[in-house]
Every structure is written in C-alpha cells, then in structure tokens.
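> Sending over a structure as structure tokens; questions will come in a sec.
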Amino acid sequence: MRFLLDEEQRAFARSLDAMLTSAATPSVVRAWSAGEHGAGRRLWARIAEAGVFALAVPEAYEGLGPLPVELAAAFVELGRHAVPGPLVETVLAAVLLSKAAAGSTGSGPEQAARLLPQLASGKVMATVGAPYALDGDAADAVLALDGCRMRLAPGCRPVTRASLDPARRLATPLPGGEPVPGVPGADAFAWARLATAAQAFGVGLTLLDRTVAYAGQRQQFGVPIGSFQAVKHRLADARIALEFARPLLFGAAVTMDPVDVAAAKVAACEAAYGTARTALQVHGAIGYTAEYDLSLWLTKARALRSAWGTPRECRDTVLDLARPRP
C-alpha cells in the first residue's frame with residue numbers, strides 16, 4: 001500500500017513551504033529563544049490564517065477538522081522550517097477540549113465554544129502541562145493535566161530546568177483554575193504524537209538537505225567530502241531511514257490508531273535523530289556553534305525525540321496495545 005498525498009494536499013504543503021521560506025524563520029527562532037515573542041506571534045498568525053490549527057478543530061467550532069493527514073503534512077513543513085512555539089500543544093489542547101465538549105452537559109461545551117474558534121483562528125495560543133508546559137510564558141491558555149483530571153490553569157511559572165532546545169521554553173502550570181470535564185485518553189494523545197512525529201520528520205529532511213549541500217561544497221584533499229565513500233554511506237543511511245518513516249507517518253495519519261501513531265513516532269524521531277548525528281559529524285566543529293543555523297535543527301531533533309513519548313514509551317505502547325488479549 002502506498003501512502004501518498006493527493007494534489008490538493010501537496011499544494012497545501014507547498015504553500016506553507018513558500019510562506020515559511022519568506023519568513024526567515026532562523027531569526028524568529030533566535031528571538032523566541034531569547035523570550036522575544038513578537039516575530040513568533042506574527043508568524044503564528046500567518047500559520048493560523050493558512051488553516052493549520054483549524055485542521056484539529058471540528059467544523060462545529062469554526063474549524064476544518066478533524067483532518068489528521070493534512071495536519072501531518074502541515075507539521076512536516078513546520079519542522080522543515082524549525083518554527084518555534086507550542087504548535088503540538090495547541091493541537092492537543094484543541095483535541096482535548098473537543099472531546100470534553102462531546103456528550104458533556106457541564107462546562108465542556110461552553111469552554112469549547114469559547115476557546116476552540118480562537119485556537120483555530122490563531123488568536124489564542126495554547127499549551128498543555130503534563131507536568132511541564134512548553135512556552136507557558138507565551139501561551140494565552142494553559143490546559144493542565146493532573147493525572148486523569150484536566151483544568152484551565154490561570155497561568156504558568158518558569159522552571160530552572162532547561163530544554164535541550166533553547167526555543168522550547170519550559171514552565172509549570174499554576175494551581176487552581178477552571179475544571180475541564182472528561183478524562184484524556186490515548187486517542188487524544190495520538191494527535192500530539194502524530195504532530196510531533198511529522199515535525200521531527202520535517203526537521204530530519206532539512207538536516208539531510210543542508211548536509212548534502214555542505215558535503216558538496218566542503219573540500220578535503222582537493223575534492224568535495226561528499227565524494228568520500230564513508231560520507232556517502234552515512235548520508236544514504238539517513239535518507240533510507242527518513243524514507244522508511246514516511247509511509248509509517250502518513251499511514252498512521254490515515255488510521256489514527258494509537259499503535260500506528262506510536263510506531264510512526266519512533267520511526268520518524270529516530271530517523272531525525274540519526275540524521276542529526278550524521279549532520280553533526282559531516283559538518284564537524286562548525287555544527288556545534290550556536291551562530292550556525294544548523295544548530296537550530298540539531299537541538300530540535302534531539303528535543304522532539306522525547307516529546308510526548310520517548311522511544312521506549314512509544315515502543316511499550318505498540319507492545320501493550322498490539323498484544324492479543326486472552
């Protein structure tokens with residue numbers, strides 16, 4: 001079976017790529033890392049205007065979704081351009097609020113009606129604390145997960161623990177706030193894992209493209225280093241890992257089975273992480289420098305590997321859920 005995007009989906013991805021290319025995202029990422037959110041919020045508004053967040057919001061709440069395949073295609077582009085911000089967390093918040101509203105007669109429908117249209121339009125940036133909340137200093141809405149309970153927290157406080165990616169700023173939700181009905185389930189978290197996997201896959205694609213270009217320009221002994229057999233093998237291995245992850249990613253977006261999504265996350269994140277290691281080795285010492293743009297993707301590949309499920313946790317999900325029950 002082949003999991004290929006149709007022409008409309010490919011056109012959507014191309015339009016996002018063109019928009020993000022013109023946005024000069026490396027400068028936006030560096031400003032975001034320093035706590036300056038102006039450029040990032042303006043880019044966020046453009047991404048929302050393109051309909052990305054609406055893909056996770058039901059039509060009843062002024063969204064376009066749920067459309068997981070289109071969402072995966074969009075997040076590949078967001079990863080390719082290293083877009084900062086609580087992208088995955090906003091999607092997860094939209095899914096959790098939608099599920100809280102379904103079949104609820106309490107505060108769930110009111111909360112959904114209040115927040116989901118604003119999440120879809122980009123007017124509200126959300127994060128989810130479980131227990132750490134990504135970019136809590138920038139988020140307008142904080143959905144805290146306390147075991148099996150959810151609440152809209154009144155805000156966040158920063159933590160001293162630093163993220164592997166300087167553009168992923170960590171915080172913890174403040175106590176109190178407004179309870180949200182319902183219990184978060186594996187099907188909701190599958191959306192977070194799918195978006196993370198797609199984002200990591202896009203990061204891996206950019207790392208490979210930049211490394212191939214560098215290997216063709218950098219010379220040793222009077223020839224490009226890309227002509228060396230050892231370098232060719234490393235780059236080929238990275239390409240194969242990414243291409244093996246691609247059908248798992250979009251196949252999981254079709255089924256949205258938590259087992260398929262967990263497997264896709266392992267494949268995509270491990271492929272991106274392996275590509276990051278190859279990129280660093282091929283670039284040498286320059287790859288370590290924060291001033292060199294490659295570092296923006298290197299750190300993101302490492303951070304996304306453990307976001308919303310480490311490789312071990314995702315493998316355990318596959319084993320636990322796929323195992324036949326007596």
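Each chain in the structure tokens gets a letter, A, B, ..., in the order shown, and its residues are numbered from 1; ligands are numbered from 1 in order too.
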Could you name the residues that touch range 13-23 of chain A at 9 Å or less, counting only C-alpha atoms, but leaving out those on the same chain fewer than 6 positions away, as a ChimeraX atom specification?

/A:43,46-47,50,70,73-74,76-78,80-81,83

> Once you have the residues from the selection above, write them out as a short mmCIF file (atom, residue, chain, number, x, y, z; two decimals), in the first residue's frame, restricted to N, CA, C and O atoms.


data_model
loop_
_atom_site.label_atom_id
_atom_site.label_comp_id
_atom_site.auth_asym_id
_atom_site.auth_seq_id
_atom_site.Cartn_x
_atom_site.Cartn_y
_atom_site.Cartn_z
N LEU A 43 4.27 35.33 13.02
CA LEU A 43 4.35 34.13 12.18
C LEU A 43 3.23 33.16 12.55
O LEU A 43 2.64 32.52 11.68
N ARG A 46 0.09 34.02 10.79
CA ARG A 46 0.11 33.64 9.38
C ARG A 46 -0.13 32.14 9.21
O ARG A 46 -0.82 31.70 8.29
N ILE A 47 0.45 31.35 10.11
CA ILE A 47 0.24 29.90 10.06
C ILE A 47 -1.23 29.58 10.32
O ILE A 47 -1.83 28.72 9.65
N ALA A 50 -3.38 30.32 7.40
CA ALA A 50 -3.28 29.27 6.37
C ALA A 50 -4.15 28.07 6.70
O ALA A 50 -4.31 27.17 5.87
N GLU A 70 -3.89 16.02 6.63
CA GLU A 70 -3.48 17.38 6.28
C GLU A 70 -2.66 18.00 7.41
O GLU A 70 -1.72 18.76 7.16
N ALA A 73 0.85 16.71 7.13
CA ALA A 73 1.55 17.38 6.03
C ALA A 73 1.99 18.78 6.44
O ALA A 73 3.11 19.23 6.11
N ALA A 74 1.13 19.48 7.18
CA ALA A 74 1.47 20.83 7.63
C ALA A 74 2.62 20.80 8.62
O ALA A 74 3.55 21.62 8.55
N VAL A 76 4.99 18.63 8.91
CA VAL A 76 6.26 18.35 8.24
C VAL A 76 6.90 19.67 7.80
O VAL A 76 8.11 19.89 8.00
N GLU A 77 6.10 20.57 7.25
CA GLU A 77 6.64 21.86 6.81
C GLU A 77 7.07 22.72 7.99
O GLU A 77 8.09 23.41 7.93
N LEU A 78 6.30 22.69 9.07
CA LEU A 78 6.69 23.46 10.26
C LEU A 78 8.03 22.95 10.80
O LEU A 78 8.86 23.74 11.26
N ARG A 80 10.37 21.39 8.96
CA ARG A 80 11.40 21.72 7.97
C ARG A 80 11.93 23.14 8.18
O ARG A 80 13.10 23.42 7.90
N HIS A 81 11.08 24.02 8.67
CA HIS A 81 11.49 25.42 8.86
C HIS A 81 11.75 25.76 10.33
O HIS A 81 11.95 26.93 10.66
N VAL A 83 9.94 26.04 12.96
CA VAL A 83 9.04 27.06 13.53
C VAL A 83 8.93 26.86 15.04
O VAL A 83 8.67 25.75 15.51
#

> Could you write out, as a ChimeraX atom specification, all the residues of range 187-326 of chain A that DSSP marks as alpha helix (DSSP H)?

/A:187-217,229-255,258-283,294-306,311-322

> Closest to Leu119 in chain A among A:Ala93, A:Met150, A:Ala263, A:Val142, using only C-alpha atoms?

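Under the stated criterion, the closest residue is A:Ala93.
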
> So which residues of range 11-237 of chain A fall under strand (DSSP E or B) by DSSP, listed as number ranges by chain?

A: 58, 65, 126-129, 133-134, 141-146, 149-153, 156-158, 170-173, 178-180, 219-220, 223-224

> So, with only C-alpha atoms as the atoms that count, which of A:Leu5, A:Val29, A:Asp260, A:Gly136 lies closest to Arg315 in chain A?

A:Asp260

> Counting only C-alpha atoms, which residue out of A:Pro247, A:Pro175, A:Pro117, A:Pro86 sits closest to Ala56 in chain A?

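Among A:Pro247, A:Pro175, A:Pro117, A:Pro86, it is A:Pro117 that comes nearest to Ala56 in chain A.
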
> Determine the nearest neighbour of Ala215 in chain A from the options A:Ala198, A:Ala262, A:Ala279, A:Leu174, counting only C-alpha atoms.

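Among the listed residues, A:Ala279 lies closest to Ala215 in chain A.
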
> Could you tell me how far CA of Leu207 in chain A lies from CA of Trp297 in chain A, in Å and to one decimal?

6.7 Å

> What's the separation between CA of Asp209 in chain A and CA of Leu294 in chain A, in Å to one decimal place?

10.8 Å

> Skipping near chain neighbours, those fewer than 2 positions away, what residues fall within 8 Å of Ala130 in chain A using only C-alpha atoms, listed as a PDB file with N, CA, C and O atoms, in the first residue's frame?


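The new file around28.pdb reads:
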ATOM      1  N   VAL A 128      -0.031  22.802  26.944  1.00  0.00           N
ATOM      2  CA  VAL A 128      -0.554  21.736  27.794  1.00  0.00           C
ATOM      3  C   VAL A 128       0.536  21.348  28.772  1.00  0.00           C
ATOM      4  O   VAL A 128       1.672  21.054  28.365  1.00  0.00           O
ATOM      5  N   TYR A 132       5.202  19.448  32.630  1.00  0.00           N
ATOM      6  CA  TYR A 132       5.781  20.684  32.125  1.00  0.00           C
ATOM      7  C   TYR A 132       4.960  21.205  30.959  1.00  0.00           C
ATOM      8  O   TYR A 132       4.434  20.444  30.151  1.00  0.00           O
ATOM      9  N   ALA A 133       4.870  22.520  30.875  1.00  0.00           N
ATOM     10  CA  ALA A 133       4.160  23.175  29.783  1.00  0.00           C
ATOM     11  C   ALA A 133       5.178  23.887  28.902  1.00  0.00           C
ATOM     12  O   ALA A 133       6.039  24.614  29.397  1.00  0.00           O
ATOM     13  N   ALA A 144      -3.894  22.222  31.999  1.00  0.00           N
ATOM     14  CA  ALA A 144      -3.070  21.400  32.891  1.00  0.00           C
ATOM     15  C   ALA A 144      -3.695  20.022  33.036  1.00  0.00           C
ATOM     16  O   ALA A 144      -4.914  19.901  33.241  1.00  0.00           O
ATOM     17  N   LEU A 145      -2.862  18.997  32.957  1.00  0.00           N
ATOM     18  CA  LEU A 145      -3.299  17.617  33.140  1.00  0.00           C
ATOM     19  C   LEU A 145      -2.763  17.122  34.472  1.00  0.00           C
ATOM     20  O   LEU A 145      -1.543  17.013  34.656  1.00  0.00           O
ATOM     21  N   ASP A 146      -3.663  16.840  35.400  1.00  0.00           N
ATOM     22  CA  ASP A 146      -3.290  16.327  36.716  1.00  0.00           C
ATOM     23  C   ASP A 146      -3.832  14.906  36.837  1.00  0.00           C
ATOM     24  O   ASP A 146      -4.985  14.704  37.258  1.00  0.00           O
TER      25      ASP A 146
END

> Would you mind reading off the distance between CA of Gln219 in chain A and CA of Asp293 in chain A, one decimal, in Å?

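Computed distance, CA of Gln219 in chain A to CA of Asp293 in chain A, equals 20.2 Å.
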
> Give the answer as one residue: which of A:Ala45, A:Ala303, A:Val318, A:Ala72 has the shortest atom-to-atom distance to Phe12 in chain A, using only C-alpha atoms?

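Of A:Ala45, A:Ala303, A:Val318, A:Ala72, the one nearest Phe12 in chain A is A:Ala72, counting only C-alpha atoms.
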
> Rank nothing, just name the residue among A:Arg168, A:Arg305, A:Arg246, A:Lys123 nearest to Phe53 in chain A, using only C-alpha atoms.

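Result for the nearest residue to Phe53 in chain A: A:Lys123.
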
> Which residues, written as a PyMOL selection string, have at least one atom at most 12 Å from Leu115 in chain A, with only C-alpha atoms counted and residues fewer than 2 positions away on the same chain left out?

chain A and resi 57+61-63+90+93-98+101+108-113+117-126+140-143+152

> Env of Leu208 in chain A: 8 Å cut, atoms = only C-alpha atoms, seq-sep filter 6 positions within chain, self excluded. Answer as a list in words.

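Surrounding residues, per the criterion: Leu235, Ala238, Arg239, Thr275 and Ala279 of chain A.
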
> Given the selection you just returned, output its residues as a file containing C-alpha atoms, formatted as a PDB file, in the first residue's frame.


ATOM      1  CA  LEU A 235      24.035  10.214   4.032  1.00  0.00           C
ATOM      2  CA  ALA A 238      19.971   8.868   6.773  1.00  0.00           C
ATOM      3  CA  ARG A 239      17.916   9.084   3.569  1.00  0.00           C
ATOM      4  CA  THR A 275      20.214  12.333  10.627  1.00  0.00           C
ATOM      5  CA  ALA A 279      24.816  16.119  10.019  1.00  0.00           C
TER       6      ALA A 279
END

> Show me, as a list in words, the residues that have an atom within 9 Å of Gly185 in chain A when counting only C-alpha atoms, minus same-chain residues fewer than 4 positions from it.

Leu96, Cys148, Phe189 and Ala190 of chain A

> For the residues in the current selection, export all heavy atoms as a compact mmCIF listing (two decimals), in the first residue's frame.


# COMPACT_ATOMS: atom_id res chain seq x y z
N LEU A 96 -8.37 17.90 23.05
CA LEU A 96 -8.88 17.62 24.40
C LEU A 96 -10.15 18.42 24.69
O LEU A 96 -11.10 17.89 25.29
CB LEU A 96 -7.80 17.95 25.43
CG LEU A 96 -6.60 16.99 25.47
CD1 LEU A 96 -5.51 17.54 26.38
CD2 LEU A 96 -7.02 15.61 25.93
N CYS A 148 -5.79 12.03 35.86
CA CYS A 148 -6.94 11.85 34.97
C CYS A 148 -7.83 13.08 34.92
O CYS A 148 -8.93 13.02 34.36
CB CYS A 148 -7.75 10.63 35.41
SG CYS A 148 -6.87 9.06 35.23
N PHE A 189 -4.02 11.75 22.86
CA PHE A 189 -2.57 11.90 22.84
C PHE A 189 -1.97 11.42 21.53
O PHE A 189 -0.85 11.80 21.17
CB PHE A 189 -1.95 11.17 24.03
CG PHE A 189 -2.21 11.83 25.33
CD1 PHE A 189 -3.04 11.25 26.27
CD2 PHE A 189 -1.65 13.07 25.62
CE1 PHE A 189 -3.31 11.88 27.48
CE2 PHE A 189 -1.90 13.71 26.83
CZ PHE A 189 -2.73 13.10 27.77
N ALA A 190 -2.70 10.59 20.78
CA ALA A 190 -2.22 10.17 19.47
C ALA A 190 -2.03 11.38 18.55
O ALA A 190 -1.12 11.40 17.72
CB ALA A 190 -3.19 9.17 18.84

> Pick out the residues sitting within 8 Å of Pro311 in chain A, and hand them over as JSON, numbers by chain; count only C-alpha atoms, and ignore anything fewer than 5 positions along from it in its own chain.

{"A": [265, 266, 270, 305, 306]}
